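Chemist: The following block contains the structure, expressed as structure tokens.
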Amino acid sequence: MYYAHSTDDPGKRDWQLLRVHLQNVADIASEFADRFGAGDLAYAGGLLHDVGKYSPEFQRRLEGANIRVDHSTAGAREARALYPKQVSRILEYIITGHHGGLLNYGSNESGLEERLGDRFLPDYSAYRDEMQVPDLAGFRLGLRPVQNRVGFTVAFYTRMLYSCLVDADSLDTEAFADPGSSSVRGRYESFEILSRRFDEYMAALLSNTEETPINEQRREIYERCRGMAALPPQVFTLTVPTGGGKTLSSMAFALDHLRQHDLQRIFYVIPYTSIIEQNAATFRKIFGSRNVLEHHSNFDPKAITGDDVDTVKRLLELSAENWDMPITVTTNVQFFESLFSNKRSKCRKIHNLARSVIILDEAQMLPTDFLRPCLQALSELVRNYGSTVVICTATQPKLSDLLDESIRPVEIMRSPAELYEAFRRVRVNDLGSLSDEELTARLKKHRQVLCIVNTRAHAQHLHAALSEHGRCFHLSARMCPVHRRKQLKEIKDLLKAGEECRVISTQLIEAGVDIDFPAVYRAITGVDSIAQAAGRCNREGKADRGEVYVFRSTEGHGRATSWQRLTAEVGRMVMDTHDDLLSLPAVEAYFQRLYSYKGEKGLDREGILQSFEKRAREFAFSFEDVGWKFSIIEQGTKDLVVPYGEEGRKLVDELRSSESPWKYARRLQGYTINIYPNEFRELERAGEIDLFGDRFYVLNDMSKYSEETGFINRKDIEGEGSLLIV
């Protein structure tokens, strides 16, 4: 008898038989891969992935022997012997990597080739007595490469099959080892029920809406989205101004489109956690908590309320592993890094993107340094996996020139230009160059005003100057999320009451924060960021026109750095040549110039696309290297937990005495900031941080943290190291 998994029973009465595990994984993986025509290949991968466990050595290991046994290489070696290269190579990658991650192809000294070379493997031949490997002689990949990038297409296909295999393996193992968790999975409702709830919600919302020209426009946007849902799966753009109701309208499109074309799931991808929190809360209100996964690092489980809370929380925790929820709301970072990762945990979920609706909200924030690889991945999902992608924003980036001609987007709105004029609520004024003294003098004259700058140093200087003349708020990523939320609530209350309120912020506040000022000042930057800043001005249309003032700082600590310097320069060029900086022609000109300046290499900083084409004929791919290189968030920063407020101190006290500190990871996100390694070393040398559970670094000297500005770093104030992190 050969077993896959053991229990505490020495009699092995309830151990899982190996042939049962292999058959289960093959069936589940095949079902997943059938969505994109690869069921037979996934089935073979499922049967072969653990044949190395047929060795007597592995069976002794299950019985308690303290020995290491390579069980992941055997199935790949069998695939190489059984199948032609274009089939076997894909199986080799996914089988060898089903625990440790997809390998580089490498050479005989490293990577896949080294694993499949002459290294000794225990005898696993007994598998042939218990199972029959399928004949794949007639199997064809059936892929259509995008922009003739055959290597990328095959590598993406390999990663999708890998996802099917590792999710199937995890699910069957969970069903055996943790049947309680397994029974919780899938307890969500059908899209038929969810669509009915949405229709009821929208009917009530629209019936209670005042008849105004703007609300009439919003209704037309909504109806247009529903009507365009009948078009076949493809790439769409949805160009709707701020305040046009694009969140609910895009969801209406997704629900109707999914139903009419028998698609599987809806993914709502957003660059900022602040927008995610708002949108996910709305979706939970409409669809119920058990049907909406909010997946990002700052998610607070306290947001889940209602009946059967503990079961719903467990369901969401499990769904975060493989995105099997009807509606998933996640970040650009989670979404795209999963698509390019080689790691089992990140790749496990991506097969569920096949035959789904993927909405990219605030699409102008797609990571520019990786724009071409991101667009290539989205194109693959549309071309070879039956998905629909909706590129949704008020400031539409110029992407059509970067896409394959067969995947050019279809605009959902009839006339985005007319919509822009209908929703136009601000006037942009160019103030030219201003010193801090001149800028402060202007800001003091406003009773309610928001000023957004490019560096932390500039924010610190302006806040200090304005604080001498009354209450002034400061917002930056140097404040932990709980602290920022507290500040924002106070700001909103003052604005609503008509009280005096001046705010100095880094660009963090542009991240979809629902806040409304009569006047906004913005240091020169890219047109997309200026448009985001304008979205915080006259948001509710209380005035005929809100005033947005763009200025160039003459101060050294106020000048943009690196990437911001380029976007600011291009933004200035567009401002000089367009009367209305926020018009659609100006936005198009901005992105056209920006992408032109970046060039082919600048839009694929790490050369990821080319790395897949170098040895495409051999199916020799660098999965591990690409997984390491593709990182949207700048590497090198350290997480620092700040015991802010009573709740933060209580949480850190619990962490201090806990035997399972890892359980606090999600709750601590709201009290975490990012600092640079040199700052971390300074705190460490001064004994101002404590380490808990080998992973949580906690600030123990709260004199380093200000109630007004957050974490205090002398270099920020003096203008050194002022690169903005948001």
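Here's how to read the names in the structure tokens: chain A, B, ... by the order shown, residue numbers from 1 in each chain, ligand numbers from 1 in the order shown.
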Hey, what's within 9 Å of Ser289 of chain A if we count only C-alpha atoms and toss same-chain stuff fewer than 2 positions away? As a ChimeraX atom specification, please?

Modeler: /A:281,283-287,291-293,304-306,309,312-313,316

Chemist: Kindly save the residues from that selection, with all heavy atoms included, as a compact mmCIF listing (two decimals), in the first residue's frame.

Modeler:
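Saved to result-v6.txt:
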# COMPACT_ATOMS: atom_id res chain seq x y z
N ALA A 281 -16.48 47.96 0.53
CA ALA A 281 -17.57 48.19 1.48
C ALA A 281 -18.90 48.33 0.75
O ALA A 281 -19.94 47.79 1.18
CB ALA A 281 -17.29 49.44 2.32
N PHE A 283 -19.60 47.04 -2.25
CA PHE A 283 -19.95 45.74 -2.82
C PHE A 283 -20.47 44.78 -1.74
O PHE A 283 -21.40 44.01 -2.00
CB PHE A 283 -18.75 45.13 -3.54
CG PHE A 283 -18.29 45.91 -4.75
CD1 PHE A 283 -16.97 45.89 -5.15
CD2 PHE A 283 -19.18 46.68 -5.48
CE1 PHE A 283 -16.55 46.60 -6.26
CE2 PHE A 283 -18.77 47.40 -6.59
CZ PHE A 283 -17.45 47.36 -6.98
N ARG A 284 -19.87 44.83 -0.54
CA ARG A 284 -20.38 43.97 0.55
C ARG A 284 -21.81 44.36 0.91
O ARG A 284 -22.65 43.49 1.20
CB ARG A 284 -19.48 44.08 1.78
CG ARG A 284 -18.21 43.26 1.70
CD ARG A 284 -17.55 43.12 3.06
NE ARG A 284 -17.08 44.39 3.57
CZ ARG A 284 -15.86 44.89 3.36
NH1 ARG A 284 -15.00 44.20 2.63
NH2 ARG A 284 -15.51 46.05 3.86
N LYS A 285 -22.08 45.65 0.91
CA LYS A 285 -23.42 46.13 1.22
C LYS A 285 -24.44 45.59 0.22
O LYS A 285 -25.57 45.22 0.57
CB LYS A 285 -23.43 47.66 1.22
CG LYS A 285 -24.78 48.29 1.53
CD LYS A 285 -24.66 49.81 1.49
CE LYS A 285 -26.01 50.48 1.71
NZ LYS A 285 -25.90 51.97 1.61
N ILE A 286 -24.05 45.53 -1.04
CA ILE A 286 -24.96 45.07 -2.11
C ILE A 286 -25.05 43.55 -2.14
O ILE A 286 -26.15 42.97 -2.17
CB ILE A 286 -24.48 45.58 -3.48
CG1 ILE A 286 -24.47 47.11 -3.52
CG2 ILE A 286 -25.38 45.03 -4.60
CD1 ILE A 286 -23.79 47.69 -4.76
N PHE A 287 -23.90 42.87 -2.15
CA PHE A 287 -23.86 41.44 -2.43
C PHE A 287 -23.75 40.55 -1.20
O PHE A 287 -23.96 39.34 -1.30
CB PHE A 287 -22.69 41.12 -3.37
CG PHE A 287 -22.71 41.87 -4.67
CD1 PHE A 287 -21.76 42.83 -4.95
CD2 PHE A 287 -23.70 41.62 -5.61
CE1 PHE A 287 -21.78 43.52 -6.15
CE2 PHE A 287 -23.73 42.31 -6.81
CZ PHE A 287 -22.77 43.26 -7.08
N ASN A 291 -19.70 36.96 -0.36
CA ASN A 291 -19.53 36.90 -1.82
C ASN A 291 -18.47 37.86 -2.35
O ASN A 291 -18.24 37.92 -3.56
CB ASN A 291 -20.86 37.21 -2.51
CG ASN A 291 -21.95 36.24 -2.10
OD1 ASN A 291 -21.81 35.04 -2.29
ND2 ASN A 291 -23.03 36.75 -1.52
N VAL A 292 -17.83 38.63 -1.46
CA VAL A 292 -16.87 39.64 -1.89
C VAL A 292 -15.57 39.46 -1.11
O VAL A 292 -15.55 39.58 0.11
CB VAL A 292 -17.41 41.07 -1.66
CG1 VAL A 292 -16.37 42.11 -2.08
CG2 VAL A 292 -18.72 41.28 -2.40
N LEU A 293 -14.49 39.14 -1.82
CA LEU A 293 -13.17 39.03 -1.21
C LEU A 293 -12.43 40.36 -1.38
O LEU A 293 -12.23 40.83 -2.50
CB LEU A 293 -12.37 37.91 -1.87
CG LEU A 293 -10.89 37.82 -1.46
CD1 LEU A 293 -10.78 37.45 0.02
CD2 LEU A 293 -10.15 36.80 -2.33
N ILE A 304 -15.88 42.95 8.40
CA ILE A 304 -16.88 41.91 8.16
C ILE A 304 -17.87 41.89 9.31
O ILE A 304 -17.50 41.69 10.46
CB ILE A 304 -16.21 40.53 8.02
CG1 ILE A 304 -15.15 40.57 6.92
CG2 ILE A 304 -17.25 39.47 7.72
CD1 ILE A 304 -15.65 41.02 5.57
N THR A 305 -19.13 42.12 8.99
CA THR A 305 -20.20 42.10 9.99
C THR A 305 -21.36 41.26 9.47
O THR A 305 -21.34 40.80 8.33
CB THR A 305 -20.69 43.54 10.29
OG1 THR A 305 -21.14 44.14 9.05
CG2 THR A 305 -19.57 44.39 10.88
N GLY A 306 -22.38 41.09 10.32
CA GLY A 306 -23.57 40.36 9.89
C GLY A 306 -23.64 38.99 10.52
O GLY A 306 -22.95 38.67 11.50
N VAL A 309 -20.53 35.44 11.32
CA VAL A 309 -19.31 36.19 11.02
C VAL A 309 -18.08 35.29 10.99
O VAL A 309 -17.24 35.41 10.10
CB VAL A 309 -19.11 37.33 12.05
CG1 VAL A 309 -17.75 37.98 11.89
CG2 VAL A 309 -20.19 38.38 11.88
N VAL A 312 -17.88 33.31 7.79
CA VAL A 312 -17.59 34.17 6.65
C VAL A 312 -16.12 34.59 6.65
O VAL A 312 -15.46 34.59 5.61
CB VAL A 312 -18.51 35.41 6.65
CG1 VAL A 312 -18.07 36.41 5.58
CG2 VAL A 312 -19.95 35.00 6.42
N LYS A 313 -15.60 34.94 7.83
CA LYS A 313 -14.18 35.31 7.91
C LYS A 313 -13.28 34.17 7.47
O LYS A 313 -12.29 34.37 6.76
CB LYS A 313 -13.83 35.75 9.33
CG LYS A 313 -14.34 37.13 9.71
CD LYS A 313 -13.91 37.51 11.11
CE LYS A 313 -14.40 38.92 11.47
NZ LYS A 313 -14.03 39.31 12.85
N LEU A 316 -13.40 33.81 3.71
CA LEU A 316 -12.61 34.82 3.04
C LEU A 316 -11.11 34.53 3.16
O LEU A 316 -10.35 34.74 2.20
CB LEU A 316 -12.93 36.21 3.63
CG LEU A 316 -14.35 36.70 3.41
CD1 LEU A 316 -14.59 38.01 4.16
CD2 LEU A 316 -14.65 36.90 1.93

Chemist: Using backbone DSSP assignments, extract all alpha helix (DSSP H) residues from segment 368-605 of chain A; output them as a count of residues only.

Modeler: 103

Chemist: Once you count only C-alpha atoms, what closest atom pair and distance in Å to one decimal does each residue of segment 367-421 of chain A within 9 Å of segment 328-351 of chain A have, with rows by chain and rising residue number, as CSV?

Modeler:
residue,atom,partner,partner_atom,distance
A:Pro367,CA,A:Asn332,CA,8.2
A:Pro373,CA,A:Phe340,CA,8.9
A:Cys374,CA,A:Phe336,CA,6.9
A:Ala377,CA,A:Leu339,CA,7.4

Chemist: Could you write those residues out with N, CA and C atoms, as a PDB file, in the first residue's frame?

Modeler:
ATOM      1  N   PRO A 367       1.555  50.156 -13.574  1.00  0.00           N
ATOM      2  CA  PRO A 367       2.983  50.409 -13.306  1.00  0.00           C
ATOM      3  C   PRO A 367       3.772  50.666 -14.591  1.00  0.00           C
ATOM      4  N   PRO A 373       4.970  44.398 -20.142  1.00  0.00           N
ATOM      5  CA  PRO A 373       4.646  43.053 -19.645  1.00  0.00           C
ATOM      6  C   PRO A 373       3.222  42.947 -19.099  1.00  0.00           C
ATOM      7  N   CYS A 374       2.753  43.986 -18.407  1.00  0.00           N
ATOM      8  CA  CYS A 374       1.388  43.952 -17.869  1.00  0.00           C
ATOM      9  C   CYS A 374       0.362  43.867 -18.991  1.00  0.00           C
ATOM     10  N   ALA A 377       0.340  40.420 -20.538  1.00  0.00           N
ATOM     11  CA  ALA A 377      -0.379  39.438 -19.719  1.00  0.00           C
ATOM     12  C   ALA A 377      -1.891  39.608 -19.865  1.00  0.00           C
TER      13      ALA A 377
END

Chemist: Contacts of segment 516-526 of chain A at 6 Å or less, counting only C-alpha atoms, minus same-chain residues fewer than 2 places along, as a PyMOL selection string?

Modeler: chain A and resi 449-453+528-529+536-539+546-552+567-568+571

Chemist: Quick one: residues within 12 Å of Thr311 of chain A, only C-alpha atoms counted, chain neighbours fewer than 6 positions away excluded, as a PyMOL selection string?

Modeler: chain A and resi 180-188+289-290+304-305+317-318

Chemist: Take the residues from that selection and write them out as an mmCIF file, in the first residue's frame, keeping N, CA, C and O atoms.

Modeler:
data_model
loop_
_atom_site.group_PDB
_atom_site.id
_atom_site.type_symbol
_atom_site.label_atom_id
_atom_site.label_comp_id
_atom_site.auth_asym_id
_atom_site.auth_seq_id
_atom_site.Cartn_x
_atom_site.Cartn_y
_atom_site.Cartn_z
ATOM 1 N N GLY A 180 -12.673 20.362 7.946
ATOM 2 C CA GLY A 180 -13.486 21.477 8.438
ATOM 3 C C GLY A 180 -13.342 22.698 7.555
ATOM 4 O O GLY A 180 -14.335 23.319 7.145
ATOM 5 N N SER A 181 -12.099 23.057 7.225
ATOM 6 C CA SER A 181 -11.866 24.194 6.324
ATOM 7 C C SER A 181 -12.384 23.887 4.926
ATOM 8 O O SER A 181 -13.002 24.730 4.277
ATOM 9 N N SER A 182 -12.153 22.661 4.477
ATOM 10 C CA SER A 182 -12.593 22.284 3.135
ATOM 11 C C SER A 182 -14.106 22.424 2.986
ATOM 12 O O SER A 182 -14.604 22.833 1.931
ATOM 13 N N SER A 183 -14.836 22.128 4.048
ATOM 14 C CA SER A 183 -16.302 22.203 3.985
ATOM 15 C C SER A 183 -16.809 23.641 3.929
ATOM 16 O O SER A 183 -17.943 23.890 3.516
ATOM 17 N N VAL A 184 -15.964 24.591 4.355
ATOM 18 C CA VAL A 184 -16.359 26.002 4.327
ATOM 19 C C VAL A 184 -16.255 26.572 2.916
ATOM 20 O O VAL A 184 -17.022 27.457 2.523
ATOM 21 N N ARG A 185 -15.306 26.044 2.150
ATOM 22 C CA ARG A 185 -15.086 26.579 0.801
ATOM 23 C C ARG A 185 -16.350 26.490 -0.056
ATOM 24 O O ARG A 185 -17.135 25.546 0.062
ATOM 25 N N GLY A 186 -16.494 27.470 -0.925
ATOM 26 C CA GLY A 186 -17.600 27.449 -1.883
ATOM 27 C C GLY A 186 -18.936 27.883 -1.331
ATOM 28 O O GLY A 186 -19.950 27.811 -2.031
ATOM 29 N N ARG A 187 -18.978 28.359 -0.101
ATOM 30 C CA ARG A 187 -20.260 28.773 0.490
ATOM 31 C C ARG A 187 -20.626 30.202 0.092
ATOM 32 O O ARG A 187 -20.919 31.046 0.920
ATOM 33 N N TYR A 188 -20.550 30.452 -1.169
ATOM 34 C CA TYR A 188 -21.022 31.741 -1.670
ATOM 35 C C TYR A 188 -22.222 31.500 -2.566
ATOM 36 O O TYR A 188 -22.584 30.359 -2.848
ATOM 37 N N SER A 289 -21.249 39.913 2.558
ATOM 38 C CA SER A 289 -19.825 39.713 2.851
ATOM 39 C C SER A 289 -19.286 38.387 2.338
ATOM 40 O O SER A 289 -18.115 38.285 1.970
ATOM 41 N N ARG A 290 -20.115 37.348 2.286
ATOM 42 C CA ARG A 290 -19.609 36.036 1.899
ATOM 43 C C ARG A 290 -19.345 35.929 0.401
ATOM 44 O O ARG A 290 -18.807 34.918 -0.064
ATOM 45 N N ILE A 304 -15.876 42.952 8.405
ATOM 46 C CA ILE A 304 -16.876 41.912 8.156
ATOM 47 C C ILE A 304 -17.873 41.893 9.310
ATOM 48 O O ILE A 304 -17.505 41.693 10.460
ATOM 49 N N THR A 305 -19.129 42.124 8.990
ATOM 50 C CA THR A 305 -20.197 42.105 9.989
ATOM 51 C C THR A 305 -21.362 41.263 9.471
ATOM 52 O O THR A 305 -21.341 40.802 8.334
ATOM 53 N N GLU A 317 -10.683 34.049 4.318
ATOM 54 C CA GLU A 317 -9.277 33.673 4.481
ATOM 55 C C GLU A 317 -8.889 32.585 3.481
ATOM 56 O O GLU A 317 -7.815 32.627 2.871
ATOM 57 N N LEU A 318 -9.751 31.602 3.327
ATOM 58 C CA LEU A 318 -9.475 30.507 2.401
ATOM 59 C C LEU A 318 -9.509 30.990 0.956
ATOM 60 O O LEU A 318 -8.666 30.601 0.134
#

Chemist: Work out how far apart atom CA of Ala74 of chain A and atom CA of Lys629 of chain A are and give it in Å to one decimal.

Modeler: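 Between these atoms lies a distance of 29.4 Å.
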
Chemist: Would you mind listing what lies within 10 Å of Ala586 of chain A as a PDB file with all heavy atoms, in the first residue's frame, with only C-alpha atoms counted and same-chain residues fewer than 5 positions away left out?

Modeler:
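The result, written out as around-v1.pdb:
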ATOM      1  N   THR A 395      -8.940  59.520 -16.780  1.00  0.00           N
ATOM      2  CA  THR A 395      -7.806  59.987 -17.585  1.00  0.00           C
ATOM      3  C   THR A 395      -7.207  58.780 -18.296  1.00  0.00           C
ATOM      4  O   THR A 395      -6.266  58.158 -17.807  1.00  0.00           O
ATOM      5  CB  THR A 395      -6.755  60.665 -16.692  1.00  0.00           C
ATOM      6  OG1 THR A 395      -6.450  59.806 -15.584  1.00  0.00           O
ATOM      7  CG2 THR A 395      -7.280  61.980 -16.152  1.00  0.00           C
ATOM      8  N   VAL A 527       0.015  64.958 -15.678  1.00  0.00           N
ATOM      9  CA  VAL A 527      -1.374  65.370 -15.883  1.00  0.00           C
ATOM     10  C   VAL A 527      -2.335  64.439 -15.159  1.00  0.00           C
ATOM     11  O   VAL A 527      -3.352  64.876 -14.610  1.00  0.00           O
ATOM     12  CB  VAL A 527      -1.701  65.422 -17.394  1.00  0.00           C
ATOM     13  CG1 VAL A 527      -3.184  65.700 -17.624  1.00  0.00           C
ATOM     14  CG2 VAL A 527      -0.863  66.483 -18.080  1.00  0.00           C
ATOM     15  N   GLY A 571       4.316  67.013 -17.871  1.00  0.00           N
ATOM     16  CA  GLY A 571       3.110  67.744 -17.486  1.00  0.00           C
ATOM     17  C   GLY A 571       3.216  69.227 -17.807  1.00  0.00           C
ATOM     18  O   GLY A 571       2.261  69.844 -18.292  1.00  0.00           O
ATOM     19  N   VAL A 574       2.774  69.812 -21.583  1.00  0.00           N
ATOM     20  CA  VAL A 574       1.371  69.718 -21.998  1.00  0.00           C
ATOM     21  C   VAL A 574       0.603  70.953 -21.538  1.00  0.00           C
ATOM     22  O   VAL A 574      -0.237  71.496 -22.272  1.00  0.00           O
ATOM     23  CB  VAL A 574       0.733  68.425 -21.448  1.00  0.00           C
ATOM     24  CG1 VAL A 574      -0.757  68.382 -21.743  1.00  0.00           C
ATOM     25  CG2 VAL A 574       1.421  67.201 -22.032  1.00  0.00           C
ATOM     26  N   MET A 575       0.897  71.439 -20.354  1.00  0.00           N
ATOM     27  CA  MET A 575       0.238  72.649 -19.844  1.00  0.00           C
ATOM     28  C   MET A 575       0.531  73.846 -20.739  1.00  0.00           C
ATOM     29  O   MET A 575      -0.336  74.692 -20.978  1.00  0.00           O
ATOM     30  CB  MET A 575       0.703  72.927 -18.413  1.00  0.00           C
ATOM     31  CG  MET A 575       0.086  74.170 -17.794  1.00  0.00           C
ATOM     32  SD  MET A 575       0.581  74.394 -16.067  1.00  0.00           S
ATOM     33  CE  MET A 575      -0.638  73.364 -15.274  1.00  0.00           C
ATOM     34  N   THR A 577       0.946  73.816 -23.894  1.00  0.00           N
ATOM     35  CA  THR A 577       0.387  73.688 -25.248  1.00  0.00           C
ATOM     36  C   THR A 577      -1.119  73.418 -25.267  1.00  0.00           C
ATOM     37  O   THR A 577      -1.691  73.254 -26.348  1.00  0.00           O
ATOM     38  CB  THR A 577       1.104  72.555 -26.007  1.00  0.00           C
ATOM     39  OG1 THR A 577       1.029  71.343 -25.239  1.00  0.00           O
ATOM     40  CG2 THR A 577       2.564  72.910 -26.257  1.00  0.00           C
ATOM     41  N   HIS A 578      -1.762  73.355 -24.087  1.00  0.00           N
ATOM     42  CA  HIS A 578      -3.207  73.095 -24.039  1.00  0.00           C
ATOM     43  C   HIS A 578      -3.884  74.083 -23.092  1.00  0.00           C
ATOM     44  O   HIS A 578      -3.427  74.266 -21.952  1.00  0.00           O
ATOM     45  CB  HIS A 578      -3.488  71.659 -23.574  1.00  0.00           C
ATOM     46  CG  HIS A 578      -3.116  70.612 -24.581  1.00  0.00           C
ATOM     47  ND1 HIS A 578      -1.809  70.219 -24.798  1.00  0.00           N
ATOM     48  CD2 HIS A 578      -3.881  69.878 -25.440  1.00  0.00           C
ATOM     49  CE1 HIS A 578      -1.793  69.278 -25.736  1.00  0.00           C
ATOM     50  NE2 HIS A 578      -3.033  69.056 -26.142  1.00  0.00           N
ATOM     51  N   ASP A 579      -4.961  74.678 -23.561  1.00  0.00           N
ATOM     52  CA  ASP A 579      -5.688  75.628 -22.719  1.00  0.00           C
ATOM     53  C   ASP A 579      -6.332  74.936 -21.523  1.00  0.00           C
ATOM     54  O   ASP A 579      -6.398  75.508 -20.433  1.00  0.00           O
ATOM     55  CB  ASP A 579      -6.769  76.339 -23.550  1.00  0.00           C
ATOM     56  CG  ASP A 579      -6.168  77.244 -24.613  1.00  0.00           C
ATOM     57  OD1 ASP A 579      -5.030  77.713 -24.396  1.00  0.00           O
ATOM     58  OD2 ASP A 579      -6.817  77.448 -25.647  1.00  0.00           O
ATOM     59  N   ASP A 580      -6.838  73.725 -21.742  1.00  0.00           N
ATOM     60  CA  ASP A 580      -7.474  72.968 -20.661  1.00  0.00           C
ATOM     61  C   ASP A 580      -6.633  71.730 -20.385  1.00  0.00           C
ATOM     62  O   ASP A 580      -6.653  70.760 -21.148  1.00  0.00           O
ATOM     63  CB  ASP A 580      -8.899  72.574 -21.054  1.00  0.00           C
ATOM     64  CG  ASP A 580      -9.611  71.800 -19.945  1.00  0.00           C
ATOM     65  OD1 ASP A 580      -9.013  71.611 -18.866  1.00  0.00           O
ATOM     66  OD2 ASP A 580     -10.760  71.376 -20.167  1.00  0.00           O
ATOM     67  N   LEU A 581      -5.886  71.767 -19.293  1.00  0.00           N
ATOM     68  CA  LEU A 581      -4.939  70.699 -18.978  1.00  0.00           C
ATOM     69  C   LEU A 581      -5.616  69.352 -18.747  1.00  0.00           C
ATOM     70  O   LEU A 581      -5.001  68.303 -18.930  1.00  0.00           O
ATOM     71  CB  LEU A 581      -4.137  71.086 -17.729  1.00  0.00           C
ATOM     72  CG  LEU A 581      -3.027  70.129 -17.296  1.00  0.00           C
ATOM     73  CD1 LEU A 581      -1.954  70.028 -18.375  1.00  0.00           C
ATOM     74  CD2 LEU A 581      -2.423  70.569 -15.977  1.00  0.00           C
ATOM     75  N   PHE A 591       0.179  61.220 -22.097  1.00  0.00           N
ATOM     76  CA  PHE A 591       0.615  59.830 -22.087  1.00  0.00           C
ATOM     77  C   PHE A 591       1.440  59.486 -23.322  1.00  0.00           C
ATOM     78  O   PHE A 591       2.391  58.699 -23.250  1.00  0.00           O
ATOM     79  CB  PHE A 591      -0.590  58.895 -21.956  1.00  0.00           C
ATOM     80  CG  PHE A 591      -1.111  58.793 -20.554  1.00  0.00           C
ATOM     81  CD1 PHE A 591      -2.331  59.342 -20.202  1.00  0.00           C
ATOM     82  CD2 PHE A 591      -0.371  58.158 -19.566  1.00  0.00           C
ATOM     83  CE1 PHE A 591      -2.811  59.260 -18.901  1.00  0.00           C
ATOM     84  CE2 PHE A 591      -0.839  58.066 -18.263  1.00  0.00           C
ATOM     85  CZ  PHE A 591      -2.054  58.623 -17.933  1.00  0.00           C
ATOM     86  N   GLN A 592       1.094  60.090 -24.457  1.00  0.00           N
ATOM     87  CA  GLN A 592       1.856  59.846 -25.680  1.00  0.00           C
ATOM     88  C   GLN A 592       3.303  60.298 -25.496  1.00  0.00           C
ATOM     89  O   GLN A 592       4.253  59.582 -25.831  1.00  0.00           O
ATOM     90  CB  GLN A 592       1.205  60.591 -26.849  1.00  0.00           C
ATOM     91  CG  GLN A 592       1.460  59.952 -28.202  1.00  0.00           C
ATOM     92  CD  GLN A 592       0.431  60.420 -29.225  1.00  0.00           C
ATOM     93  OE1 GLN A 592      -0.139  61.495 -29.110  1.00  0.00           O
ATOM     94  NE2 GLN A 592       0.201  59.615 -30.239  1.00  0.00           N
TER      95      GLN A 592
END
